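Shown next: query-v9.pdb, given as PDB, C-alpha atoms, pLDDT in the B column.
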ATOM      1  CA  MET A   1      -6.187 -29.902   1.776  1.00 66.00           C
ATOM      2  CA  LYS A   2      -8.852 -27.194   1.571  1.00 75.00           C
ATOM      3  CA  ASN A   3      -9.421 -27.419   5.328  1.00 84.00           C
ATOM      4  CA  VAL A   4      -5.686 -26.974   6.054  1.00 87.00           C
ATOM      5  CA  LEU A   5      -5.450 -23.899   3.800  1.00 88.00           C
ATOM      6  CA  PHE A   6      -8.465 -22.328   5.518  1.00 89.00           C
ATOM      7  CA  HIS A   7      -6.879 -23.087   8.892  1.00 91.00           C
ATOM      8  CA  TYR A   8      -3.611 -21.314   7.920  1.00 93.00           C
ATOM      9  CA  LEU A   9      -5.505 -18.331   6.474  1.00 93.00           C
ATOM     10  CA  LYS A  10      -7.478 -18.029   9.686  1.00 94.00           C
ATOM     11  CA  ILE A  11      -4.300 -18.088  11.807  1.00 95.00           C
ATOM     12  CA  THR A  12      -2.647 -15.491   9.543  1.00 96.00           C
ATOM     13  CA  GLY A  13      -5.701 -13.234   9.775  1.00 94.00           C
ATOM     14  CA  ILE A  14      -5.746 -13.494  13.555  1.00 95.00           C
ATOM     15  CA  LEU A  15      -2.037 -12.634  13.749  1.00 95.00           C
ATOM     16  CA  VAL A  16      -2.450  -9.590  11.494  1.00 93.00           C
ATOM     17  CA  PHE A  17      -5.468  -8.416  13.535  1.00 91.00           C
ATOM     18  CA  ALA A  18      -3.525  -8.891  16.796  1.00 92.00           C
ATOM     19  CA  PHE A  19      -0.594  -6.912  15.399  1.00 91.00           C
ATOM     20  CA  LEU A  20      -2.852  -4.021  14.358  1.00 84.00           C
ATOM     21  CA  ILE A  21      -4.592  -3.949  17.735  1.00 82.00           C
ATOM     22  CA  SER A  22      -1.304  -4.072  19.675  1.00 83.00           C
ATOM     23  CA  SER A  23       0.266  -1.301  17.587  1.00 79.00           C
ATOM     24  CA  MET A  24      -2.831   0.888  18.078  1.00 75.00           C
ATOM     25  CA  LEU A  25      -2.814   0.248  21.820  1.00 75.00           C
ATOM     26  CA  LEU A  26       0.926   0.934  22.032  1.00 78.00           C
ATOM     27  CA  ASP A  27       0.471   4.336  20.370  1.00 72.00           C
ATOM     28  CA  GLY A  28      -2.704   4.989  22.324  1.00 74.00           C
ATOM     29  CA  PHE A  29      -1.486   4.298  25.847  1.00 78.00           C
ATOM     30  CA  PHE A  30       2.166   5.321  25.780  1.00 79.00           C
ATOM     31  CA  LEU A  31       3.772   8.630  24.780  1.00 77.00           C
ATOM     32  CA  ASN A  32       6.436   8.474  22.059  1.00 75.00           C
ATOM     33  CA  ASN A  33       7.578   4.897  22.723  1.00 74.00           C
ATOM     34  CA  SER A  34       8.298   5.645  26.362  1.00 78.00           C
ATOM     35  CA  PRO A  35       6.952   3.974  29.517  1.00 80.00           C
ATOM     36  CA  ILE A  36       4.932   7.122  30.317  1.00 81.00           C
ATOM     37  CA  LEU A  37       1.164   6.560  30.138  1.00 81.00           C
ATOM     38  CA  ARG A  38      -1.072   9.035  28.332  1.00 81.00           C
ATOM     39  CA  LYS A  39      -3.353  11.029  30.569  1.00 83.00           C
ATOM     40  CA  ASN A  40      -6.137  10.991  27.977  1.00 83.00           C
ATOM     41  CA  ALA A  41      -5.657   7.415  26.722  1.00 81.00           C
ATOM     42  CA  PRO A  42      -9.350   6.343  26.573  1.00 83.00           C
ATOM     43  CA  GLN A  43     -10.436   9.487  24.691  1.00 86.00           C
ATOM     44  CA  TYR A  44      -7.430   9.201  22.371  1.00 83.00           C
ATOM     45  CA  LEU A  45      -8.213   5.565  21.530  1.00 81.00           C
ATOM     46  CA  VAL A  46     -11.867   6.352  20.808  1.00 86.00           C
ATOM     47  CA  LYS A  47     -10.773   9.215  18.542  1.00 87.00           C
ATOM     48  CA  ARG A  48      -8.307   6.941  16.699  1.00 83.00           C
ATOM     49  CA  ILE A  49     -10.946   4.237  16.223  1.00 84.00           C
ATOM     50  CA  LEU A  50     -13.443   6.776  14.856  1.00 90.00           C
ATOM     51  CA  LEU A  51     -10.812   8.008  12.377  1.00 89.00           C
ATOM     52  CA  ILE A  52     -10.284   4.563  10.797  1.00 86.00           C
ATOM     53  CA  PRO A  53     -12.964   5.024   8.057  1.00 90.00           C
ATOM     54  CA  ASP A  54     -11.518   8.431   7.084  1.00 92.00           C
ATOM     55  CA  GLN A  55      -8.008   7.001   6.961  1.00 89.00           C
ATOM     56  CA  ALA A  56      -9.207   4.193   4.702  1.00 89.00           C
ATOM     57  CA  LYS A  57     -10.889   6.725   2.364  1.00 91.00           C
ATOM     58  CA  ASN A  58      -7.720   8.840   2.248  1.00 88.00           C
ATOM     59  CA  TYR A  59      -5.599   5.771   1.484  1.00 87.00           C
ATOM     60  CA  ILE A  60      -7.889   4.755  -1.389  1.00 89.00           C
ATOM     61  CA  ALA A  61      -7.918   8.347  -2.689  1.00 84.00           C
ATOM     62  CA  ARG A  62      -4.117   8.397  -2.628  1.00 81.00           C
ATOM     63  CA  LEU A  63      -3.977   5.175  -4.627  1.00 84.00           C
ATOM     64  CA  THR A  64      -6.298   6.547  -7.308  1.00 81.00           C
ATOM     65  CA  SER A  65      -4.872  10.090  -7.478  1.00 75.00           C
ATOM     66  CA  PRO A  66      -2.811  11.166 -10.499  1.00 75.00           C
ATOM     67  CA  ASN A  67       0.978  11.098 -10.413  1.00 77.00           C
ATOM     68  CA  TYR A  68       1.872  14.670  -9.457  1.00 75.00           C
ATOM     69  CA  ASP A  69       5.549  14.138 -10.243  1.00 75.00           C
ATOM     70  CA  LYS A  70       4.628  13.732 -13.913  1.00 78.00           C
ATOM     71  CA  LEU A  71       2.232  16.698 -13.841  1.00 77.00           C
ATOM     72  CA  LEU A  72       4.883  19.012 -12.356  1.00 82.00           C
ATOM     73  CA  LYS A  73       7.956  17.575 -14.082  1.00 81.00           C
ATOM     74  CA  ASP A  74       8.334  20.402 -16.617  1.00 83.00           C
ATOM     75  CA  VAL A  75       7.327  23.236 -14.250  1.00 85.00           C
ATOM     76  CA  SER A  76      10.109  25.286 -12.707  1.00 86.00           C
ATOM     77  CA  SER A  77      10.147  26.135  -9.005  1.00 86.00           C
ATOM     78  CA  THR A  78       9.505  29.660  -7.810  1.00 89.00           C
ATOM     79  CA  THR A  79      10.886  31.006  -4.540  1.00 89.00           C
ATOM     80  CA  VAL A  80       8.082  31.887  -2.124  1.00 86.00           C
ATOM     81  CA  ALA A  81      10.384  32.753   0.777  1.00 82.00           C
ATOM     82  CA  LYS A  82      13.907  31.831   1.781  1.00 85.00           C
ATOM     83  CA  GLY A  83      13.915  28.018   1.923  1.00 87.00           C
ATOM     84  CA  VAL A  84      10.363  27.678   0.521  1.00 87.00           C
ATOM     85  CA  TYR A  85       9.854  26.758  -3.136  1.00 90.00           C
ATOM     86  CA  ALA A  86       6.621  26.090  -5.043  1.00 91.00           C
ATOM     87  CA  LYS A  87       5.489  24.591  -8.325  1.00 90.00           C
ATOM     88  CA  GLN A  88       1.966  25.029  -9.621  1.00 87.00           C
ATOM     89  CA  THR A  89      -0.220  24.043 -12.570  1.00 84.00           C
ATOM     90  CA  GLU A  90      -3.988  24.087 -13.011  1.00 83.00           C
ATOM     91  CA  LYS A  91      -4.284  20.584 -11.538  1.00 77.00           C
ATOM     92  CA  ALA A  92      -1.498  20.408  -8.963  1.00 81.00           C
ATOM     93  CA  THR A  93       0.483  22.421  -6.436  1.00 85.00           C
ATOM     94  CA  TYR A  94       3.726  21.310  -4.795  1.00 86.00           C
ATOM     95  CA  ILE A  95       5.479  23.171  -1.974  1.00 89.00           C
ATOM     96  CA  GLU A  96       8.987  22.204  -0.929  1.00 88.00           C
ATOM     97  CA  TYR A  97      10.603  23.278   2.348  1.00 88.00           C
ATOM     98  CA  HIS A  98      14.366  23.381   2.852  1.00 90.00           C
ATOM     99  CA  LEU A  99      14.569  23.882   6.616  1.00 87.00           C
ATOM    100  CA  ASN A 100      18.348  24.293   6.590  1.00 89.00           C
ATOM    101  CA  GLN A 101      17.978  27.385   4.352  1.00 90.00           C
ATOM    102  CA  VAL A 102      15.378  29.148   6.533  1.00 87.00           C
ATOM    103  CA  ASP A 103      16.573  31.905   8.878  1.00 87.00           C
ATOM    104  CA  TRP A 104      15.268  31.066  12.353  1.00 89.00           C
ATOM    105  CA  ILE A 105      14.762  33.237  15.417  1.00 90.00           C
ATOM    106  CA  GLU A 106      14.740  31.431  18.750  1.00 92.00           C
ATOM    107  CA  TYR A 107      12.352  32.650  21.443  1.00 91.00           C
ATOM    108  CA  THR A 108      12.696  31.617  25.090  1.00 91.00           C
ATOM    109  CA  PHE A 109       9.732  31.334  27.474  1.00 90.00           C
ATOM    110  CA  ILE A 110       9.436  30.148  31.059  1.00 89.00           C
ATOM    111  CA  VAL A 111       6.427  27.898  31.707  1.00 87.00           C
ATOM    112  CA  ASN A 112       5.891  26.258  35.103  1.00 86.00           C
ATOM    113  CA  GLY A 113       9.524  26.918  35.997  1.00 86.00           C
ATOM    114  CA  LYS A 114      10.815  25.207  32.836  1.00 86.00           C
ATOM    115  CA  THR A 115      12.537  26.958  29.953  1.00 87.00           C
ATOM    116  CA  ILE A 116      10.785  26.415  26.618  1.00 86.00           C
ATOM    117  CA  LYS A 117      12.568  27.407  23.393  1.00 88.00           C
ATOM    118  CA  ILE A 118      10.544  27.892  20.212  1.00 88.00           C
ATOM    119  CA  LYS A 119      12.085  28.543  16.807  1.00 88.00           C
ATOM    120  CA  SER A 120      10.130  30.662  14.356  1.00 87.00           C
ATOM    121  CA  PRO A 121      11.026  31.722  10.797  1.00 86.00           C
ATOM    122  CA  LYS A 122      12.451  35.218  10.565  1.00 84.00           C
ATOM    123  CA  GLY A 123       9.766  37.696   9.507  1.00 82.00           C
ATOM    124  CA  SER A 124       6.844  35.633  10.829  1.00 84.00           C
ATOM    125  CA  ILE A 125       4.622  36.520  13.751  1.00 88.00           C
ATOM    126  CA  PRO A 126       6.513  35.719  16.970  1.00 88.00           C
ATOM    127  CA  PRO A 127       5.023  33.078  19.295  1.00 88.00           C
ATOM    128  CA  THR A 128       3.191  34.206  22.417  1.00 88.00           C
ATOM    129  CA  GLN A 129       3.360  33.007  26.006  1.00 88.00           C
ATOM    130  CA  HIS A 130       0.093  31.152  25.336  1.00 86.00           C
ATOM    131  CA  THR A 131       1.761  29.278  22.453  1.00 84.00           C
ATOM    132  CA  ALA A 132       4.654  28.284  24.713  1.00 83.00           C
ATOM    133  CA  GLU A 133       2.212  27.044  27.381  1.00 84.00           C
ATOM    134  CA  PHE A 134       0.395  24.986  24.735  1.00 83.00           C
ATOM    135  CA  PHE A 135       3.660  23.366  23.563  1.00 76.00           C
ATOM    136  CA  ALA A 136       4.706  22.691  27.152  1.00 76.00           C
ATOM    137  CA  GLU A 137       1.336  21.076  27.934  1.00 73.00           C
ATOM    138  CA  SER A 138       1.284  18.943  24.779  1.00 65.00           C
ATOM    139  CA  SER A 139       4.834  17.663  25.345  1.00 63.00           C
ATOM    140  CA  GLU A 140       4.032  16.323  28.832  1.00 59.00           C
TER     141      GLU A 140
END

Hey, can you dump this file as structure tokens for me?
Amino acid sequence: MKNVLFHYLKITGILVFAFLISSMLLDGFFLNNSPILRKNAPQYLVKRILLIPDQAKNYIARLTSPNYDKLLKDVSSTTVAKGVYAKQTEKATYIEYHLNQVDWIEYTFIVNGKTIKIKSPKGSIPPTQHTAEFFAESSE
């Protein structure tokens, strides 16, 4: 009986490991669930593998962190800007964004013959041609 249980645990562990590896490879080699291969796939996979210890630390820290909902329950929100609200105490800060309330300005750029549109909140620093080129390069 003990041998059978160990056998099933081993199979389950192998399946979980295979699932994690396949999901990492899927994200690492293909762009946004499409059949397009990443140009920098090997570097991206190495970077993702090196980030695993930090992600584990962050997950454990999140599990042991205090419940901010309780800390900020009695604090009223203040308006930072249109569509941006904040709550703050000595131990916690919470910022809430309501994107449908923000006034947007749309900027149009031409990069490599393609039209790139970037929305920016009204009153903020407008994007530059360099910013549009960066967005166009990162979306390829």

Output check: residues returned by the PyMOL selection byres ((chain A and resi 124) around 12), as a ChimeraX atom specification: /A:81,102-106,119-123,125-127

With C-alpha atoms kept, could you save the residues just selected as a PDB file, keeping the file's coordinate frame?
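Writing the result to again-v6.pdb gives the following:
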ATOM      1  CA  ALA A  81      10.384  32.753   0.777  1.00 82.00           C
ATOM      2  CA  VAL A 102      15.378  29.148   6.533  1.00 87.00           C
ATOM      3  CA  ASP A 103      16.573  31.905   8.878  1.00 87.00           C
ATOM      4  CA  TRP A 104      15.268  31.066  12.353  1.00 89.00           C
ATOM      5  CA  ILE A 105      14.762  33.237  15.417  1.00 90.00           C
ATOM      6  CA  GLU A 106      14.740  31.431  18.750  1.00 92.00           C
ATOM      7  CA  LYS A 119      12.085  28.543  16.807  1.00 88.00           C
ATOM      8  CA  SER A 120      10.130  30.662  14.356  1.00 87.00           C
ATOM      9  CA  PRO A 121      11.026  31.722  10.797  1.00 86.00           C
ATOM     10  CA  LYS A 122      12.451  35.218  10.565  1.00 84.00           C
ATOM     11  CA  GLY A 123       9.766  37.696   9.507  1.00 82.00           C
ATOM     12  CA  ILE A 125       4.622  36.520  13.751  1.00 88.00           C
ATOM     13  CA  PRO A 126       6.513  35.719  16.970  1.00 88.00           C
ATOM     14  CA  PRO A 127       5.023  33.078  19.295  1.00 88.00           C
TER      15      PRO A 127
END

Shell of 12 Å around segment 63-78 of chain A, all atoms listed in the file, local chain residues under 2 positions omitted, as a PyMOL selection string: chain A and resi 56-61+80-97

Evaluating the PyMOL selection byres ((chain A and resi 114) around 12) on the displayed file yields which residues, as a PDB file with C-alpha atoms, in the coordinates of the input?
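Writing the result to expr06.pdb gives the following:
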ATOM      1  CA  THR A 108      12.696  31.617  25.090  1.00 91.00           C
ATOM      2  CA  PHE A 109       9.732  31.334  27.474  1.00 90.00           C
ATOM      3  CA  ILE A 110       9.436  30.148  31.059  1.00 89.00           C
ATOM      4  CA  VAL A 111       6.427  27.898  31.707  1.00 87.00           C
ATOM      5  CA  ASN A 112       5.891  26.258  35.103  1.00 86.00           C
ATOM      6  CA  GLY A 113       9.524  26.918  35.997  1.00 86.00           C
ATOM      7  CA  THR A 115      12.537  26.958  29.953  1.00 87.00           C
ATOM      8  CA  ILE A 116      10.785  26.415  26.618  1.00 86.00           C
ATOM      9  CA  LYS A 117      12.568  27.407  23.393  1.00 88.00           C
ATOM     10  CA  ALA A 132       4.654  28.284  24.713  1.00 83.00           C
ATOM     11  CA  GLU A 133       2.212  27.044  27.381  1.00 84.00           C
ATOM     12  CA  PHE A 135       3.660  23.366  23.563  1.00 76.00           C
ATOM     13  CA  ALA A 136       4.706  22.691  27.152  1.00 76.00           C
ATOM     14  CA  GLU A 137       1.336  21.076  27.934  1.00 73.00           C
ATOM     15  CA  GLU A 140       4.032  16.323  28.832  1.00 59.00           C
TER      16      GLU A 140
END

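Here atom CA of Ala18 of chain A stands at a distance of 15.9 Å from atom CA of Leu45 of chain A.
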
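If only C-alpha atoms are the atoms counted, then among A:His130, A:Thr12, A:Arg38, A:His98 the closest residue to Leu26 of chain A is A:Arg38.
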
Atomic separation - atom CA of Gly28 of chain A relative to atom CA of Pro53 of chain A, Å: 17.6 Å

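Atom pair atom CA of Tyr44 of chain A / atom CA of Leu31 of chain A: separated by 11.5 Å.
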
Could you rebuild segment 19-47 of chain A with N, CA and C atoms and give me the result as a PDB file, keeping the file's coordinate frame?
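out.pdb written:
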ATOM      1  N   PHE A  19      -1.654  -7.900  15.599  1.00 91.00           N
ATOM      2  CA  PHE A  19      -0.594  -6.912  15.399  1.00 91.00           C
ATOM      3  C   PHE A  19      -1.170  -5.502  15.291  1.00 91.00           C
ATOM      4  N   LEU A  20      -2.241  -5.340  14.515  1.00 84.00           N
ATOM      5  CA  LEU A  20      -2.852  -4.021  14.358  1.00 84.00           C
ATOM      6  C   LEU A  20      -3.395  -3.500  15.680  1.00 84.00           C
ATOM      7  N   ILE A  21      -4.047  -4.364  16.442  1.00 82.00           N
ATOM      8  CA  ILE A  21      -4.592  -3.949  17.735  1.00 82.00           C
ATOM      9  C   ILE A  21      -3.463  -3.573  18.691  1.00 82.00           C
ATOM     10  N   SER A  22      -2.403  -4.373  18.748  1.00 83.00           N
ATOM     11  CA  SER A  22      -1.304  -4.072  19.675  1.00 83.00           C
ATOM     12  C   SER A  22      -0.583  -2.787  19.288  1.00 83.00           C
ATOM     13  N   SER A  23      -0.403  -2.543  17.992  1.00 79.00           N
ATOM     14  CA  SER A  23       0.266  -1.301  17.587  1.00 79.00           C
ATOM     15  C   SER A  23      -0.617  -0.094  17.893  1.00 79.00           C
ATOM     16  N   MET A  24      -1.941  -0.216  17.743  1.00 75.00           N
ATOM     17  CA  MET A  24      -2.831   0.888  18.078  1.00 75.00           C
ATOM     18  C   MET A  24      -2.827   1.138  19.592  1.00 75.00           C
ATOM     19  N   LEU A  25      -2.832   0.079  20.374  1.00 75.00           N
ATOM     20  CA  LEU A  25      -2.814   0.248  21.820  1.00 75.00           C
ATOM     21  C   LEU A  25      -1.485   0.816  22.296  1.00 75.00           C
ATOM     22  N   LEU A  26      -0.389   0.410  21.665  1.00 78.00           N
ATOM     23  CA  LEU A  26       0.926   0.934  22.032  1.00 78.00           C
ATOM     24  C   LEU A  26       0.981   2.440  21.807  1.00 78.00           C
ATOM     25  N   ASP A  27       0.496   2.901  20.647  1.00 72.00           N
ATOM     26  CA  ASP A  27       0.471   4.336  20.370  1.00 72.00           C
ATOM     27  C   ASP A  27      -0.556   5.050  21.237  1.00 72.00           C
ATOM     28  N   GLY A  28      -1.629   4.360  21.579  1.00 74.00           N
ATOM     29  CA  GLY A  28      -2.704   4.989  22.324  1.00 74.00           C
ATOM     30  C   GLY A  28      -2.436   5.153  23.797  1.00 74.00           C
ATOM     31  N   PHE A  29      -1.697   4.254  24.409  1.00 78.00           N
ATOM     32  CA  PHE A  29      -1.486   4.298  25.847  1.00 78.00           C
ATOM     33  C   PHE A  29      -0.160   4.921  26.260  1.00 78.00           C
ATOM     34  N   PHE A  30       0.843   4.845  25.409  1.00 79.00           N
ATOM     35  CA  PHE A  30       2.166   5.321  25.780  1.00 79.00           C
ATOM     36  C   PHE A  30       2.578   6.508  24.917  1.00 79.00           C
ATOM     37  N   LEU A  31       3.308   7.446  25.492  1.00 77.00           N
ATOM     38  CA  LEU A  31       3.772   8.630  24.780  1.00 77.00           C
ATOM     39  C   LEU A  31       5.126   8.375  24.125  1.00 77.00           C
ATOM     40  N   ASN A  32       5.182   8.513  22.820  1.00 75.00           N
ATOM     41  CA  ASN A  32       6.436   8.474  22.059  1.00 75.00           C
ATOM     42  C   ASN A  32       7.350   7.307  22.424  1.00 75.00           C
ATOM     43  N   ASN A  33       6.816   6.115  22.436  1.00 74.00           N
ATOM     44  CA  ASN A  33       7.578   4.897  22.723  1.00 74.00           C
ATOM     45  C   ASN A  33       8.323   4.972  24.046  1.00 74.00           C
ATOM     46  N   SER A  34       7.712   5.572  25.031  1.00 78.00           N
ATOM     47  CA  SER A  34       8.298   5.645  26.362  1.00 78.00           C
ATOM     48  C   SER A  34       7.370   4.919  27.335  1.00 78.00           C
ATOM     49  N   PRO A  35       7.823   4.654  28.550  1.00 80.00           N
ATOM     50  CA  PRO A  35       6.952   3.974  29.517  1.00 80.00           C
ATOM     51  C   PRO A  35       5.947   4.910  30.197  1.00 80.00           C
ATOM     52  N   ILE A  36       5.847   6.151  29.720  1.00 81.00           N
ATOM     53  CA  ILE A  36       4.932   7.122  30.317  1.00 81.00           C
ATOM     54  C   ILE A  36       3.536   6.933  29.725  1.00 81.00           C
ATOM     55  N   LEU A  37       2.539   6.744  30.598  1.00 81.00           N
ATOM     56  CA  LEU A  37       1.164   6.560  30.138  1.00 81.00           C
ATOM     57  C   LEU A  37       0.532   7.891  29.764  1.00 81.00           C
ATOM     58  N   ARG A  38      -0.302   7.867  28.749  1.00 81.00           N
ATOM     59  CA  ARG A  38      -1.072   9.035  28.332  1.00 81.00           C
ATOM     60  C   ARG A  38      -2.127   9.359  29.367  1.00 81.00           C
ATOM     61  N   LYS A  39      -2.314  10.633  29.619  1.00 83.00           N
ATOM     62  CA  LYS A  39      -3.353  11.029  30.569  1.00 83.00           C
ATOM     63  C   LYS A  39      -4.745  10.865  29.967  1.00 83.00           C
ATOM     64  N   ASN A  40      -4.847  11.060  28.656  1.00 83.00           N
ATOM     65  CA  ASN A  40      -6.137  10.991  27.977  1.00 83.00           C
ATOM     66  C   ASN A  40      -6.258   9.745  27.097  1.00 83.00           C
ATOM     67  N   ALA A  41      -5.713   8.630  27.543  1.00 81.00           N
ATOM     68  CA  ALA A  41      -5.657   7.415  26.722  1.00 81.00           C
ATOM     69  C   ALA A  41      -7.030   6.941  26.243  1.00 81.00           C
ATOM     70  N   PRO A  42      -8.054   6.831  27.083  1.00 83.00           N
ATOM     71  CA  PRO A  42      -9.350   6.343  26.573  1.00 83.00           C
ATOM     72  C   PRO A  42      -9.944   7.248  25.483  1.00 83.00           C
ATOM     73  N   GLN A  43      -9.899   8.566  25.693  1.00 86.00           N
ATOM     74  CA  GLN A  43     -10.436   9.487  24.691  1.00 86.00           C
ATOM     75  C   GLN A  43      -9.619   9.405  23.398  1.00 86.00           C
ATOM     76  N   TYR A  44      -8.300   9.279  23.534  1.00 83.00           N
ATOM     77  CA  TYR A  44      -7.430   9.201  22.371  1.00 83.00           C
ATOM     78  C   TYR A  44      -7.719   7.939  21.560  1.00 83.00           C
ATOM     79  N   LEU A  45      -7.916   6.807  22.243  1.00 81.00           N
ATOM     80  CA  LEU A  45      -8.213   5.565  21.530  1.00 81.00           C
ATOM     81  C   LEU A  45      -9.551   5.634  20.815  1.00 81.00           C
ATOM     82  N   VAL A  46     -10.561   6.212  21.455  1.00 86.00           N
ATOM     83  CA  VAL A  46     -11.867   6.352  20.808  1.00 86.00           C
ATOM     84  C   VAL A  46     -11.732   7.223  19.566  1.00 86.00           C
ATOM     85  N   LYS A  47     -10.985   8.321  19.680  1.00 87.00           N
ATOM     86  CA  LYS A  47     -10.773   9.215  18.542  1.00 87.00           C
ATOM     87  C   LYS A  47     -10.068   8.484  17.397  1.00 87.00           C
TER      88      LYS A  47
END
